[in-house]
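Engineer: Let me give you the structure first, and then I'll get to my questions.
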Amino acid sequence: DQSVCTPLPVLGRDVTVPLVTGGEVSYAALDYAASAPALQRVWDDVAAYAPYYGSVHRGAGYLSQLSTDLFENARKTVAEFLGCRPADQVIFTRSTTDSLNLLARVIPADCEVFVFETEHHASLLPWQDARVTCLDAPRTPRQAVQTLERALAGRDPYGPALVCVTGASNVTGELWPVRELAAAAHAHGARIVLDAAQLAPHHPVDLRDLDVDWVAFSGHKLYAPFGSGVLAGRADWLQAAEPYLAGGGASRKVTRRQDGGVAVEWHETAARHEAGSPNVIGAYAIASACKALTEAGWDTLVAREQHLIAKVREGLAEVPEVRVLSLFGDDAPRVGVISFVVEGWNSSHFAAALSAEYGIGVRDGLFCAHPLVRTLLGSDPQTQGECGAPEAAPGEKSLNAIRVSFGAGTPDEHVERFVNAVR
Ligand code: PMP
């Protein structure tokens, strides 16, 4: 099928890089899970708008009005892309990390938070000021739901609680049973936020369909450039809390108090948490990416990605020294994110060789998901540093892994080159 074979045009597809063996080769960007190359279409949209941008929200000039319209229309486009309910708010942030930290700042003071140890640090760490229960890594999607149900059953059903869960793992690429987890959370009076950083670039995310309360994602993984993200969902906790940032744009009325202090009334719209001049270009780029993905069609995008996943999985299966990391087993549905270790190889050296000898960019390390990678590798947490890529001594288990990830812009040649290189 021709449509399955055609990648979407992305930036950097003509970039060549030098090889240590001599000569040059086109760069194979296979680190989409960290940052996907922006779609050419997104870049063109931004370039077409850039000469006309002006200050937003308070400017009276023509270009200010144009920018304000584009910014607010970007919000509507994202709301549509996410299947938001009429009362949901879409807040533009810097990234998924920023979105989840924002949410952590607005949850009620007595909120209990439930997270699996398998989460990316962006989902695992922002809740440190709350009462956090960290749940064991499940070995099946069903076990994930059972583990959550068991944990929630013991709590006061009338107190506030939040479950934070990923839609697709940034390590294994495996899909999590979001709909079932949301149903379990709601059945026990808890709310749920979906970390869609890895899900949104690969699958449609619909708040109503999944019945999640909030969703967070990053523009730079969704084929937009760096610097913008989204938190979307229920307005009540967002409106009840103090603003994430205090400043202009978030305040409706500011006055001097009799006692010499300053009194402020905050907006109750998304602006409450968007103080300061917003990243209009970033919001516009995200909206452009949402439109481009919708127009390309999820059926085609998913079919193409599954075609690439099959190529990589089959190729890796032919190499006996390769062990693909998985929580839910080989047949689990997944996105184009695959981590593995190679017996007899230090993962960092292996990734460096893929770059230097084949022009292939992958990631090595612990992928900002230390507890999950330790569980998958079965290695001793005490021996690992906080960041970077620790080395295993000869004959020891790997302390880190290699991750290959791809998406809508990946040509077949890149994954074929990768598989041949591993071989
Ligand atoms: N959650 C997941 C599942 C991720 O993969 C990432 C990025 N690797 C994040 C959150 C954080 O995204 P960002 O760095 O854009 O804030």
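As shown in the structure tokens, the chain order sets the letters A, B, ...; within each chain, residues go from 1, and ligands are also counted from 1 in the order they appear.
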Can you check which residues of segment 166-296 of chain A DSSP gives as helix (DSSP H, G or I) on the backbone and send them as a PyMOL selection string?
Structural biologist: chain A and resi 178-187+207-210+219-221+236-240+270-273+280-296
Engineer: Restricting it to C-alpha atoms, dump the selection as a compact mmCIF listing (two decimals), in the first residue's frame.
Structural biologist:
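Generated file (out_14.txt):
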```txt
# COMPACT_ATOMS: atom_id res chain seq x y z
CA VAL A 178 -5.85 3.96 30.07
CA ARG A 179 -9.60 3.53 29.68
CA GLU A 180 -9.69 0.74 32.28
CA LEU A 181 -7.43 2.64 34.67
CA ALA A 182 -9.65 5.72 34.31
CA ALA A 183 -12.74 3.62 35.07
CA ALA A 184 -11.02 2.16 38.16
CA ALA A 185 -9.95 5.62 39.34
CA HIS A 186 -13.42 7.07 38.92
CA ALA A 187 -15.12 4.08 40.56
CA LEU A 207 -10.42 12.81 26.62
CA ARG A 208 -14.07 11.89 26.32
CA ASP A 209 -13.41 8.48 24.86
CA LEU A 210 -10.71 7.62 27.41
CA GLY A 219 4.98 19.87 21.20
CA HIS A 220 8.53 18.73 20.45
CA LYS A 221 7.50 15.07 20.48
CA ASP A 236 -12.46 23.14 38.74
CA TRP A 237 -9.15 22.40 40.48
CA LEU A 238 -7.39 24.73 38.07
CA GLN A 239 -9.76 27.59 38.87
CA ALA A 240 -9.73 26.99 42.62
CA ALA A 270 -6.74 29.25 31.16
CA ALA A 271 -5.02 32.66 31.44
CA ARG A 272 -4.90 32.12 35.24
CA HIS A 273 -1.99 29.72 34.73
CA VAL A 280 2.50 32.25 20.69
CA ILE A 281 4.71 30.68 18.03
CA GLY A 282 4.90 27.49 20.11
CA ALA A 283 1.13 27.32 20.52
CA TYR A 284 0.64 28.00 16.82
CA ALA A 285 3.14 25.26 15.95
CA ILE A 286 1.37 22.72 18.17
CA ALA A 287 -1.96 23.57 16.55
CA SER A 288 -0.39 23.20 13.11
CA ALA A 289 0.98 19.76 14.09
CA CYS A 290 -2.44 18.70 15.40
CA LYS A 291 -4.03 19.67 12.07
CA ALA A 292 -1.31 17.97 10.04
CA LEU A 293 -1.67 14.68 11.93
CA THR A 294 -5.44 14.76 11.71
CA GLU A 295 -5.26 15.45 7.97
CA ALA A 296 -2.71 12.68 7.38
```
Engineer: How would you report the residues lying within 9 Å of ligand 1, as a ChimeraX atom specification, if you count only C-alpha atoms and all ligand atoms?
Structural biologist: /A:33-35,94-100,119-123,165-171,195-199,216-221,226-229,367-369
Engineer: Here is a test: counting only C-alpha atoms, which residue of A:Asp156, A:Glu112, A:Asp331, A:Glu357 is nearest to Pro18 of chain A?
Structural biologist: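 For Pro18 of chain A, the nearest of the candidates is A:Glu357.
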Engineer: In terms of the shortest atom-to-atom distance over only C-alpha atoms, which of A:Trp176, A:Tyr32, A:Trp214, A:Phe418 is closest to Leu103 of chain A?
Structural biologist: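 Of all the options, A:Trp214 lies closest to Leu103 of chain A.
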Engineer: Do a neighbour search on Gln65 of chain A at 10 Å with only C-alpha atoms, toss out local chain neighbours closer than 6 positions, and write the hits as a PyMOL selection string.
Structural biologist: chain A and resi 53-59+71
Engineer: Since we have the selection now, will you write its residues out, keeping N, CA and C atoms, as a PDB file, in the first residue's frame?
Structural biologist:
```pdb
ATOM      1  N   TYR A  53       3.842  38.348  13.369  1.00  0.00           N
ATOM      2  CA  TYR A  53       3.452  38.230  14.773  1.00  0.00           C
ATOM      3  C   TYR A  53       3.616  39.544  15.521  1.00  0.00           C
ATOM      4  N   GLY A  54       2.717  39.699  16.498  1.00  0.00           N
ATOM      5  CA  GLY A  54       2.743  40.892  17.339  1.00  0.00           C
ATOM      6  C   GLY A  54       2.379  40.485  18.757  1.00  0.00           C
ATOM      7  N   SER A  55       2.352  41.456  19.667  1.00  0.00           N
ATOM      8  CA  SER A  55       2.024  41.161  21.066  1.00  0.00           C
ATOM      9  C   SER A  55       0.599  40.608  21.136  1.00  0.00           C
ATOM     10  N   VAL A  56       0.348  39.748  22.112  1.00  0.00           N
ATOM     11  CA  VAL A  56      -0.999  39.176  22.204  1.00  0.00           C
ATOM     12  C   VAL A  56      -1.746  39.718  23.411  1.00  0.00           C
ATOM     13  N   HIS A  57      -3.060  39.661  23.274  1.00  0.00           N
ATOM     14  CA  HIS A  57      -4.043  39.904  24.341  1.00  0.00           C
ATOM     15  C   HIS A  57      -4.276  41.373  24.694  1.00  0.00           C
ATOM     16  N   ARG A  58      -3.275  42.229  24.626  1.00  0.00           N
ATOM     17  CA  ARG A  58      -3.564  43.606  25.028  1.00  0.00           C
ATOM     18  C   ARG A  58      -3.227  44.628  23.946  1.00  0.00           C
ATOM     19  N   GLY A  59      -2.614  44.149  22.871  1.00  0.00           N
ATOM     20  CA  GLY A  59      -2.220  45.096  21.818  1.00  0.00           C
ATOM     21  C   GLY A  59      -3.425  45.519  20.981  1.00  0.00           C
ATOM     22  N   PHE A  71      -3.464  32.729  18.469  1.00  0.00           N
ATOM     23  CA  PHE A  71      -3.186  32.076  19.747  1.00  0.00           C
ATOM     24  C   PHE A  71      -4.451  31.416  20.294  1.00  0.00           C
TER      25      PHE A  71
END
```
Engineer: Name all residues at most 7 Å from segment 24-27 of chain A (count only C-alpha atoms; drop same-chain ones fewer than 6 positions away) and give them as an mmCIF file with N, CA and C atoms, in the first residue's frame.
Structural biologist:
```cif
data_model
loop_
_atom_site.group_PDB
_atom_site.id
_atom_site.type_symbol
_atom_site.label_atom_id
_atom_site.label_comp_id
_atom_site.auth_asym_id
_atom_site.auth_seq_id
_atom_site.Cartn_x
_atom_site.Cartn_y
_atom_site.Cartn_z
ATOM 1 N N ASP A 14 17.392 15.846 4.776
ATOM 2 C CA ASP A 14 18.514 15.895 3.825
ATOM 3 C C ASP A 14 19.858 16.075 4.517
ATOM 4 N N VAL A 15 19.867 16.007 5.830
ATOM 5 C CA VAL A 15 21.123 16.237 6.557
ATOM 6 C C VAL A 15 22.034 15.020 6.409
ATOM 7 N N THR A 16 23.300 15.292 6.084
ATOM 8 C CA THR A 16 24.270 14.190 6.052
ATOM 9 C C THR A 16 25.265 14.371 7.190
ATOM 10 N N VAL A 17 25.792 13.250 7.670
ATOM 11 C CA VAL A 17 26.750 13.296 8.791
ATOM 12 C C VAL A 17 27.981 12.472 8.417
ATOM 13 N N PRO A 18 29.149 12.855 8.957
ATOM 14 C CA PRO A 18 30.371 12.105 8.636
ATOM 15 C C PRO A 18 30.418 10.778 9.396
ATOM 16 N N GLY A 359 25.722 6.472 11.095
ATOM 17 C CA GLY A 359 24.945 7.707 11.009
ATOM 18 C C GLY A 359 23.543 7.580 11.576
ATOM 19 N N ILE A 360 23.413 6.704 12.582
ATOM 20 C CA ILE A 360 22.096 6.458 13.181
ATOM 21 C C ILE A 360 22.053 7.072 14.574
#
```
Engineer: Could you tell me how far atom CA of Tyr223 of chain A sits from atom CA of Ala36 of chain A, in Å to one decimal place?
Structural biologist: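 Interatomic distance, atom CA of Ala36 of chain A to atom CA of Tyr223 of chain A: 5.5 Å.
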Engineer: Ala161 of chain A: which residues within 9 Å, counting only C-alpha atoms, same-chain residues fewer than 4 positions away excluded, as a list in words?
Structural biologist: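 Surrounding residues, per the criterion: Ile107, Pro108, Asp110, Cys111, Glu112, Val113, Phe114, Leu152, Arg155, Pro157, Ala185, Gly189, Ala190, Arg191 and Ile192 of chain A.
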Engineer: Include N, CA and C atoms and write out the residues we just selected as a PDB file, in the first residue's frame.
Structural biologist:
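Result saved to again.pdb:
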```pdb
ATOM      1  N   ILE A 107      -3.463  20.696  42.771  1.00  0.00           N
ATOM      2  CA  ILE A 107      -4.267  19.655  43.421  1.00  0.00           C
ATOM      3  C   ILE A 107      -4.562  20.089  44.860  1.00  0.00           C
ATOM      4  N   PRO A 108      -5.717  19.656  45.402  1.00  0.00           N
ATOM      5  CA  PRO A 108      -6.049  20.061  46.768  1.00  0.00           C
ATOM      6  C   PRO A 108      -4.959  19.631  47.754  1.00  0.00           C
ATOM      7  N   ASP A 110      -4.939  18.160  50.529  1.00  0.00           N
ATOM      8  CA  ASP A 110      -4.985  16.822  51.144  1.00  0.00           C
ATOM      9  C   ASP A 110      -5.103  15.716  50.089  1.00  0.00           C
ATOM     10  N   CYS A 111      -4.731  16.022  48.854  1.00  0.00           N
ATOM     11  CA  CYS A 111      -4.890  15.047  47.759  1.00  0.00           C
ATOM     12  C   CYS A 111      -3.891  13.888  47.903  1.00  0.00           C
ATOM     13  N   GLU A 112      -4.416  12.669  47.739  1.00  0.00           N
ATOM     14  CA  GLU A 112      -3.527  11.507  47.648  1.00  0.00           C
ATOM     15  C   GLU A 112      -3.183  11.301  46.177  1.00  0.00           C
ATOM     16  N   VAL A 113      -1.958  10.898  45.893  1.00  0.00           N
ATOM     17  CA  VAL A 113      -1.554  10.672  44.496  1.00  0.00           C
ATOM     18  C   VAL A 113      -1.058   9.244  44.341  1.00  0.00           C
ATOM     19  N   PHE A 114      -1.483   8.607  43.260  1.00  0.00           N
ATOM     20  CA  PHE A 114      -1.086   7.228  42.973  1.00  0.00           C
ATOM     21  C   PHE A 114      -0.358   7.199  41.632  1.00  0.00           C
ATOM     22  N   LEU A 152      -6.511   1.791  45.579  1.00  0.00           N
ATOM     23  CA  LEU A 152      -7.569   2.787  45.792  1.00  0.00           C
ATOM     24  C   LEU A 152      -8.614   2.298  46.782  1.00  0.00           C
ATOM     25  N   ARG A 155      -8.511   3.568  50.434  1.00  0.00           N
ATOM     26  CA  ARG A 155      -8.465   4.992  50.779  1.00  0.00           C
ATOM     27  C   ARG A 155      -9.852   5.541  51.116  1.00  0.00           C
ATOM     28  N   PRO A 157     -12.895   7.291  50.293  1.00  0.00           N
ATOM     29  CA  PRO A 157     -13.432   7.612  48.959  1.00  0.00           C
ATOM     30  C   PRO A 157     -13.933   9.047  48.846  1.00  0.00           C
ATOM     31  N   ALA A 185     -10.156   4.400  38.543  1.00  0.00           N
ATOM     32  CA  ALA A 185      -9.949   5.617  39.343  1.00  0.00           C
ATOM     33  C   ALA A 185     -11.300   6.242  39.693  1.00  0.00           C
ATOM     34  N   GLY A 189     -13.648   7.214  43.238  1.00  0.00           N
ATOM     35  CA  GLY A 189     -13.701   8.640  43.567  1.00  0.00           C
ATOM     36  C   GLY A 189     -12.416   9.390  43.304  1.00  0.00           C
ATOM     37  N   ALA A 190     -11.507   8.795  42.540  1.00  0.00           N
ATOM     38  CA  ALA A 190     -10.243   9.474  42.231  1.00  0.00           C
ATOM     39  C   ALA A 190     -10.318  10.074  40.831  1.00  0.00           C
ATOM     40  N   ARG A 191      -9.446  10.992  40.542  1.00  0.00           N
ATOM     41  CA  ARG A 191      -9.316  11.562  39.205  1.00  0.00           C
ATOM     42  C   ARG A 191      -8.049  11.012  38.570  1.00  0.00           C
ATOM     43  N   ILE A 192      -7.932  11.246  37.255  1.00  0.00           N
ATOM     44  CA  ILE A 192      -6.782  10.667  36.549  1.00  0.00           C
ATOM     45  C   ILE A 192      -6.218  11.666  35.541  1.00  0.00           C
TER      46      ILE A 192
END
```
Engineer: Might you pull out every residue within 12 Å of Glu314 of chain A, with only C-alpha atoms counted and same-chain residues fewer than 5 positions away left off, and present them as a PyMOL selection string?
Structural biologist: chain A and resi 306-309+319-320+322+324+330+415-416+419-420+423
Engineer: Using backbone DSSP assignments, extract all strand (DSSP E) residues from segment 191-345 of chain A; output them as a PyMOL selection string.
Structural biologist: chain A and resi 191-195+214-218+229-233+251-256+262-266+322-324+337-342
Engineer: With C-alpha atoms retained, could you export that selection as a PDB file, in the first residue's frame?
Structural biologist:
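Written out: part-v3.pdb:
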```pdb
ATOM      1  CA  ARG A 191      -9.316  11.562  39.205  1.00  0.00           C
ATOM      2  CA  ILE A 192      -6.782  10.667  36.549  1.00  0.00           C
ATOM      3  CA  VAL A 193      -4.233  12.567  34.487  1.00  0.00           C
ATOM      4  CA  LEU A 194      -2.809  10.995  31.357  1.00  0.00           C
ATOM      5  CA  ASP A 195       0.836  11.574  30.470  1.00  0.00           C
ATOM      6  CA  TRP A 214      -6.532  15.767  32.262  1.00  0.00           C
ATOM      7  CA  VAL A 215      -4.013  15.103  29.569  1.00  0.00           C
ATOM      8  CA  ALA A 216      -0.469  16.470  29.192  1.00  0.00           C
ATOM      9  CA  PHE A 217       1.811  16.364  26.160  1.00  0.00           C
ATOM     10  CA  SER A 218       4.815  18.130  24.575  1.00  0.00           C
ATOM     11  CA  GLY A 229       3.313  21.882  25.703  1.00  0.00           C
ATOM     12  CA  VAL A 230      -0.276  21.446  26.799  1.00  0.00           C
ATOM     13  CA  LEU A 231      -2.266  20.641  29.906  1.00  0.00           C
ATOM     14  CA  ALA A 232      -5.937  20.127  29.092  1.00  0.00           C
ATOM     15  CA  GLY A 233      -8.873  19.009  31.158  1.00  0.00           C
ATOM     16  CA  SER A 251      -4.649  38.769  37.003  1.00  0.00           C
ATOM     17  CA  ARG A 252      -8.009  40.400  36.330  1.00  0.00           C
ATOM     18  CA  LYS A 253      -7.774  43.225  38.871  1.00  0.00           C
ATOM     19  CA  VAL A 254      -4.918  44.409  41.052  1.00  0.00           C
ATOM     20  CA  THR A 255      -5.320  47.082  43.756  1.00  0.00           C
ATOM     21  CA  ARG A 256      -3.426  48.543  46.710  1.00  0.00           C
ATOM     22  CA  VAL A 262      -1.401  44.350  47.103  1.00  0.00           C
ATOM     23  CA  ALA A 263      -4.761  42.665  46.466  1.00  0.00           C
ATOM     24  CA  VAL A 264      -5.359  40.603  43.341  1.00  0.00           C
ATOM     25  CA  GLU A 265      -8.265  38.887  41.613  1.00  0.00           C
ATOM     26  CA  TRP A 266      -7.100  36.131  39.292  1.00  0.00           C
ATOM     27  CA  VAL A 322      19.592  -8.884  21.585  1.00  0.00           C
ATOM     28  CA  ARG A 323      17.063  -8.750  24.423  1.00  0.00           C
ATOM     29  CA  VAL A 324      14.111  -6.427  23.864  1.00  0.00           C
ATOM     30  CA  VAL A 337       9.602   2.974  20.885  1.00  0.00           C
ATOM     31  CA  ILE A 338      11.767  -0.098  21.482  1.00  0.00           C
ATOM     32  CA  SER A 339      14.505  -0.524  24.095  1.00  0.00           C
ATOM     33  CA  PHE A 340      16.955  -3.372  24.163  1.00  0.00           C
ATOM     34  CA  VAL A 341      20.297  -4.583  25.444  1.00  0.00           C
ATOM     35  CA  VAL A 342      22.926  -6.544  23.531  1.00  0.00           C
TER      36      VAL A 342
END
```
Engineer: I want to know what sits within 9 Å of Ala104 of chain A, based on only C-alpha atoms, with residues of the same chain fewer than 5 positions away left out; could you give that as number ranges by chain?
Structural biologist: A: 99, 126-130
Engineer: Of the candidates A:Asp206, A:Asp259, A:Arg363, A:Ala275, which shows the shortest atom-to-atom distance to Gly83 of chain A, using only C-alpha atoms?
Structural biologist: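 Smallest distance to Gly83 of chain A is found for A:Asp206.
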